[in-house]
Amino acid sequence: MYQPDIPQNFGAMMRLCACMNIGLEIIEPCGFLWNERKIRQSAMDYFDKITITKHQNWNHFLDCYQGKHRIILMSTKSSQPYTSFSFREDDILLAGQESSGVPENVHEASDARVCIPMHHGLRSLNIVNATSMITGEVLRQTRWS
């Protein structure tokens with residue numbers, strides 16, 4: 001998650017990642033205070049079943065992963081439907097900030113961008129709903145096929 005700004009979405013994303021047995025990377029700064037007690041509450045009993053890695057900023061995240069894994073940006077600005085993209089098991093899905101997506105330099109640094117085709121005139125889905133759909137396709141292609 002790139003600079004998440006809605007704590008409830010962060011809680012739902014933790015539960016999604018725990019249930020799918022995938023790690024969660026957080027690129028700071030967050031738009032909410034990182035209060036461990038509240039974070040644990042938000043994740044309910046899933047907190048201890050997930051690995052969360054925090055990156056102090058975008059550059060730190062890039063230093064860890066660029067060139068080692070493909071960074072796949074989930075974006076409404078892409079024309080590549082996620083259903084026709086060939087995912088790899090070690091791809092990293094990147095979700096933008098709920099209120100504003102990601103800046104242009106993040107788009108440029110991403111190895112690919114995928115979207116969810118939607119009905120004309122509608123903007124976007126909730127970030128966790130969108131991530132769930134795309135994660136399901138990644139897992140179908142890489143683990144469940």
# chains A, B, ... in the order shown; residues from 1 in each chain; ligands from 1

call {"tool": "residues_around", "arguments": {"residues": "A:Pro4", "least_positions_apart": "5", "cutoff": "8 Å", "atoms": "only C-alpha atoms", "output": "VMD selection string"}}
result
chain A and resid 10 26 to 31 96 to 98

call {"tool": "residues_around", "arguments": {"residues": "stretch 79-89 of chain A", "least_positions_apart": "3", "cutoff": "12 Å", "atoms": "only C-alpha atoms", "output": "VMD selection string"}}
result
chain A and resid 22 69 to 76 92 to 93 111 to 118 130 to 145

call {"tool": "write_last_selection", "arguments": {"atoms": "N, CA and C atoms", "output": "mmCIF file, in the first residue's frame"}}
result
data_model
loop_
_atom_site.group_PDB
_atom_site.id
_atom_site.type_symbol
_atom_site.label_atom_id
_atom_site.label_comp_id
_atom_site.auth_asym_id
_atom_site.auth_seq_id
_atom_site.Cartn_x
_atom_site.Cartn_y
_atom_site.Cartn_z
ATOM 1 N N ILE A 22 -0.244 -13.870 2.190
ATOM 2 C CA ILE A 22 0.704 -12.998 1.489
ATOM 3 C C ILE A 22 1.103 -11.867 2.435
ATOM 4 N N HIS A 69 12.057 -7.841 -8.195
ATOM 5 C CA HIS A 69 10.672 -8.276 -8.390
ATOM 6 C C HIS A 69 10.001 -7.263 -9.315
ATOM 7 N N ARG A 70 9.015 -7.715 -10.060
ATOM 8 C CA ARG A 70 8.239 -6.751 -10.852
ATOM 9 C C ARG A 70 7.269 -6.040 -9.919
ATOM 10 N N ILE A 71 7.180 -4.750 -10.089
ATOM 11 C CA ILE A 71 6.215 -3.938 -9.349
ATOM 12 C C ILE A 71 5.051 -3.679 -10.291
ATOM 13 N N ILE A 72 3.879 -4.214 -9.927
ATOM 14 C CA ILE A 72 2.692 -4.105 -10.768
ATOM 15 C C ILE A 72 1.733 -3.129 -10.091
ATOM 16 N N LEU A 73 1.566 -1.974 -10.685
ATOM 17 C CA LEU A 73 0.688 -0.938 -10.138
ATOM 18 C C LEU A 73 -0.755 -1.203 -10.556
ATOM 19 N N MET A 74 -1.631 -1.230 -9.583
ATOM 20 C CA MET A 74 -3.070 -1.338 -9.862
ATOM 21 C C MET A 74 -3.570 0.097 -10.007
ATOM 22 N N SER A 75 -4.050 0.452 -11.190
ATOM 23 C CA SER A 75 -4.350 1.854 -11.462
ATOM 24 C C SER A 75 -5.544 2.015 -12.397
ATOM 25 N N THR A 76 -6.366 2.993 -12.102
ATOM 26 C CA THR A 76 -7.466 3.328 -13.009
ATOM 27 C C THR A 76 -6.935 4.015 -14.265
ATOM 28 N N ILE A 92 4.955 -7.990 -7.180
ATOM 29 C CA ILE A 92 4.448 -7.174 -6.080
ATOM 30 C C ILE A 92 3.314 -6.326 -6.626
ATOM 31 N N LEU A 93 2.129 -6.473 -6.041
ATOM 32 C CA LEU A 93 1.000 -5.613 -6.403
ATOM 33 C C LEU A 93 1.089 -4.343 -5.585
ATOM 34 N N ASP A 111 6.841 -1.594 -13.114
ATOM 35 C CA ASP A 111 7.164 -2.422 -14.278
ATOM 36 C C ASP A 111 5.963 -2.632 -15.188
ATOM 37 N N ALA A 112 4.773 -2.567 -14.613
ATOM 38 C CA ALA A 112 3.540 -2.707 -15.391
ATOM 39 C C ALA A 112 2.402 -2.065 -14.598
ATOM 40 N N ARG A 113 1.317 -1.757 -15.326
ATOM 41 C CA ARG A 113 0.126 -1.187 -14.700
ATOM 42 C C ARG A 113 -1.076 -1.961 -15.210
ATOM 43 N N VAL A 114 -1.949 -2.347 -14.271
ATOM 44 C CA VAL A 114 -3.158 -3.075 -14.656
ATOM 45 C C VAL A 114 -4.374 -2.364 -14.079
ATOM 46 N N CYS A 115 -5.505 -2.602 -14.730
ATOM 47 C CA CYS A 115 -6.748 -1.981 -14.267
ATOM 48 C C CYS A 115 -7.859 -3.017 -14.226
ATOM 49 N N ILE A 116 -8.939 -2.635 -13.579
ATOM 50 C CA ILE A 116 -10.172 -3.406 -13.582
ATOM 51 C C ILE A 116 -11.120 -2.684 -14.524
ATOM 52 N N PRO A 117 -11.496 -3.293 -15.638
ATOM 53 C CA PRO A 117 -12.446 -2.631 -16.539
ATOM 54 C C PRO A 117 -13.758 -2.380 -15.794
ATOM 55 N N MET A 118 -14.254 -1.169 -15.910
ATOM 56 C CA MET A 118 -15.485 -0.792 -15.208
ATOM 57 C C MET A 118 -16.476 -0.141 -16.162
ATOM 58 N N ALA A 130 -10.787 -3.854 -4.951
ATOM 59 C CA ALA A 130 -10.001 -3.965 -6.180
ATOM 60 C C ALA A 130 -8.798 -4.881 -5.978
ATOM 61 N N THR A 131 -8.111 -4.711 -4.858
ATOM 62 C CA THR A 131 -6.951 -5.554 -4.576
ATOM 63 C C THR A 131 -7.363 -7.017 -4.436
ATOM 64 N N SER A 132 -8.520 -7.260 -3.838
ATOM 65 C CA SER A 132 -9.014 -8.633 -3.693
ATOM 66 C C SER A 132 -9.231 -9.281 -5.054
ATOM 67 N N MET A 133 -9.851 -8.546 -5.963
ATOM 68 C CA MET A 133 -10.110 -9.098 -7.294
ATOM 69 C C MET A 133 -8.803 -9.452 -7.994
ATOM 70 N N ILE A 134 -7.871 -8.527 -7.983
ATOM 71 C CA ILE A 134 -6.611 -8.734 -8.702
ATOM 72 C C ILE A 134 -5.767 -9.798 -8.011
ATOM 73 N N THR A 135 -5.761 -9.805 -6.694
ATOM 74 C CA THR A 135 -5.029 -10.840 -5.955
ATOM 75 C C THR A 135 -5.580 -12.223 -6.286
ATOM 76 N N GLY A 136 -6.879 -12.332 -6.386
ATOM 77 C CA GLY A 136 -7.481 -13.611 -6.766
ATOM 78 C C GLY A 136 -6.978 -14.099 -8.106
ATOM 79 N N GLU A 137 -6.846 -13.200 -9.062
ATOM 80 C CA GLU A 137 -6.329 -13.581 -10.383
ATOM 81 C C GLU A 137 -4.849 -13.958 -10.303
ATOM 82 N N VAL A 138 -4.081 -13.214 -9.530
ATOM 83 C CA VAL A 138 -2.653 -13.554 -9.366
ATOM 84 C C VAL A 138 -2.531 -14.967 -8.792
ATOM 85 N N LEU A 139 -3.281 -15.246 -7.741
ATOM 86 C CA LEU A 139 -3.223 -16.568 -7.108
ATOM 87 C C LEU A 139 -3.730 -17.664 -8.043
ATOM 88 N N ARG A 140 -4.767 -17.376 -8.823
ATOM 89 C CA ARG A 140 -5.272 -18.353 -9.789
ATOM 90 C C ARG A 140 -4.179 -18.718 -10.785
ATOM 91 N N GLN A 141 -3.461 -17.704 -11.258
ATOM 92 C CA GLN A 141 -2.409 -17.955 -12.259
ATOM 93 C C GLN A 141 -1.176 -18.610 -11.673
ATOM 94 N N THR A 142 -0.842 -18.314 -10.412
ATOM 95 C CA THR A 142 0.451 -18.736 -9.882
ATOM 96 C C THR A 142 0.394 -19.865 -8.856
ATOM 97 N N ARG A 143 -0.674 -19.971 -8.095
ATOM 98 C CA ARG A 143 -0.717 -20.982 -7.032
ATOM 99 C C ARG A 143 -1.804 -22.020 -7.239
ATOM 100 N N TRP A 144 -2.886 -21.664 -7.854
ATOM 101 C CA TRP A 144 -4.050 -22.529 -7.890
ATOM 102 C C TRP A 144 -4.279 -23.187 -9.242
ATOM 103 N N SER A 145 -3.377 -22.956 -10.171
ATOM 104 C CA SER A 145 -3.601 -23.524 -11.504
ATOM 105 C C SER A 145 -2.886 -24.829 -11.695
#

call {"tool": "closest_residue", "arguments": {"among": "A:Val102, A:Val128, A:Leu94, A:Ile52", "to": "A:Ala12", "atoms": "only C-alpha atoms"}}
result
A:Val128

call {"tool": "closest_residue", "arguments": {"among": "A:Asn9, A:Asp90, A:Ser78, A:Arg37", "to": "A:Gly23", "atoms": "only C-alpha atoms"}}
result
A:Asp90

call {"tool": "select_by_dssp", "arguments": {"residues": "chain A", "states": "helix (DSSP H, G or I)", "output": "PyMOL selection string"}}
result
chain A and resi 7-20+36-49+58-65+82-84+104-109+127-142

call {"tool": "select_by_dssp", "arguments": {"residues": "stretch 10-140 of chain A", "states": "strand (DSSP E)", "output": "PyMOL selection string"}}
result
chain A and resi 24-27+52-55+71-74+92-95+112-114

call {"tool": "write_last_selection", "arguments": {"atoms": "N, CA and C atoms", "output": "PDB file, in the first residue's frame"}}
result
ATOM      1  N   LEU A  24       2.281  -7.963   3.562  1.00  0.00           N
ATOM      2  CA  LEU A  24       1.761  -6.617   3.304  1.00  0.00           C
ATOM      3  C   LEU A  24       2.889  -5.624   3.495  1.00  0.00           C
ATOM      4  N   GLU A  25       3.138  -4.833   2.471  1.00  0.00           N
ATOM      5  CA  GLU A  25       4.166  -3.797   2.510  1.00  0.00           C
ATOM      6  C   GLU A  25       3.467  -2.442   2.616  1.00  0.00           C
ATOM      7  N   ILE A  26       3.930  -1.621   3.531  1.00  0.00           N
ATOM      8  CA  ILE A  26       3.375  -0.281   3.723  1.00  0.00           C
ATOM      9  C   ILE A  26       4.461   0.727   3.378  1.00  0.00           C
ATOM     10  N   ILE A  27       4.151   1.626   2.462  1.00  0.00           N
ATOM     11  CA  ILE A  27       5.083   2.695   2.092  1.00  0.00           C
ATOM     12  C   ILE A  27       4.589   3.956   2.784  1.00  0.00           C
ATOM     13  N   ILE A  52       3.935  -7.788   8.183  1.00  0.00           N
ATOM     14  CA  ILE A  52       3.824  -6.408   7.705  1.00  0.00           C
ATOM     15  C   ILE A  52       5.221  -5.811   7.678  1.00  0.00           C
ATOM     16  N   THR A  53       5.593  -5.265   6.530  1.00  0.00           N
ATOM     17  CA  THR A  53       6.866  -4.575   6.385  1.00  0.00           C
ATOM     18  C   THR A  53       6.577  -3.110   6.108  1.00  0.00           C
ATOM     19  N   LYS A  54       7.177  -2.243   6.907  1.00  0.00           N
ATOM     20  CA  LYS A  54       7.009  -0.805   6.702  1.00  0.00           C
ATOM     21  C   LYS A  54       8.259  -0.233   6.040  1.00  0.00           C
ATOM     22  N   HIS A  55       8.028   0.606   5.048  1.00  0.00           N
ATOM     23  CA  HIS A  55       9.112   1.314   4.357  1.00  0.00           C
ATOM     24  C   HIS A  55       8.948   2.794   4.665  1.00  0.00           C
ATOM     25  N   ILE A  71       7.180  -4.750 -10.089  1.00  0.00           N
ATOM     26  CA  ILE A  71       6.215  -3.938  -9.349  1.00  0.00           C
ATOM     27  C   ILE A  71       5.051  -3.679 -10.291  1.00  0.00           C
ATOM     28  N   ILE A  72       3.879  -4.214  -9.927  1.00  0.00           N
ATOM     29  CA  ILE A  72       2.692  -4.105 -10.768  1.00  0.00           C
ATOM     30  C   ILE A  72       1.733  -3.129 -10.091  1.00  0.00           C
ATOM     31  N   LEU A  73       1.566  -1.974 -10.685  1.00  0.00           N
ATOM     32  CA  LEU A  73       0.688  -0.938 -10.138  1.00  0.00           C
ATOM     33  C   LEU A  73      -0.755  -1.203 -10.556  1.00  0.00           C
ATOM     34  N   MET A  74      -1.631  -1.230  -9.583  1.00  0.00           N
ATOM     35  CA  MET A  74      -3.070  -1.338  -9.862  1.00  0.00           C
ATOM     36  C   MET A  74      -3.570   0.097 -10.007  1.00  0.00           C
ATOM     37  N   ILE A  92       4.955  -7.990  -7.180  1.00  0.00           N
ATOM     38  CA  ILE A  92       4.448  -7.174  -6.080  1.00  0.00           C
ATOM     39  C   ILE A  92       3.314  -6.326  -6.626  1.00  0.00           C
ATOM     40  N   LEU A  93       2.129  -6.473  -6.041  1.00  0.00           N
ATOM     41  CA  LEU A  93       1.000  -5.613  -6.403  1.00  0.00           C
ATOM     42  C   LEU A  93       1.089  -4.343  -5.585  1.00  0.00           C
ATOM     43  N   LEU A  94       0.985  -3.219  -6.255  1.00  0.00           N
ATOM     44  CA  LEU A  94       1.069  -1.924  -5.572  1.00  0.00           C
ATOM     45  C   LEU A  94      -0.271  -1.210  -5.670  1.00  0.00           C
ATOM     46  N   ALA A  95      -0.847  -0.919  -4.512  1.00  0.00           N
ATOM     47  CA  ALA A  95      -2.100  -0.169  -4.430  1.00  0.00           C
ATOM     48  C   ALA A  95      -1.772   1.268  -4.074  1.00  0.00           C
ATOM     49  N   ALA A 112       4.773  -2.567 -14.613  1.00  0.00           N
ATOM     50  CA  ALA A 112       3.540  -2.707 -15.391  1.00  0.00           C
ATOM     51  C   ALA A 112       2.402  -2.065 -14.598  1.00  0.00           C
ATOM     52  N   ARG A 113       1.317  -1.757 -15.326  1.00  0.00           N
ATOM     53  CA  ARG A 113       0.126  -1.187 -14.700  1.00  0.00           C
ATOM     54  C   ARG A 113      -1.076  -1.961 -15.210  1.00  0.00           C
ATOM     55  N   VAL A 114      -1.949  -2.347 -14.271  1.00  0.00           N
ATOM     56  CA  VAL A 114      -3.158  -3.075 -14.656  1.00  0.00           C
ATOM     57  C   VAL A 114      -4.374  -2.364 -14.079  1.00  0.00           C
TER      58      VAL A 114
END

call {"tool": "closest_residue", "arguments": {"among": "A:Asn129, A:Trp58, A:Asp63, A:Cys19", "to": "A:Asn105", "atoms": "only C-alpha atoms"}}
result
A:Trp58

call {"tool": "closest_residue", "arguments": {"among": "A:Gly101, A:Ile127, A:Gln41, A:Leu33", "to": "A:Met13", "atoms": "only C-alpha atoms"}}
result
A:Ile127

call {"tool": "atom_distance", "arguments": {"atom1": "atom CA of A:Leu62", "atom2": "atom CA of A:Arg123"}}
result
28.1 Å

call {"tool": "closest_residue", "arguments": {"among": "A:Lys49, A:Gln56, A:Cys17, A:Asp91", "to": "A:Lys68", "atoms": "only C-alpha atoms"}}
result
A:Asp91
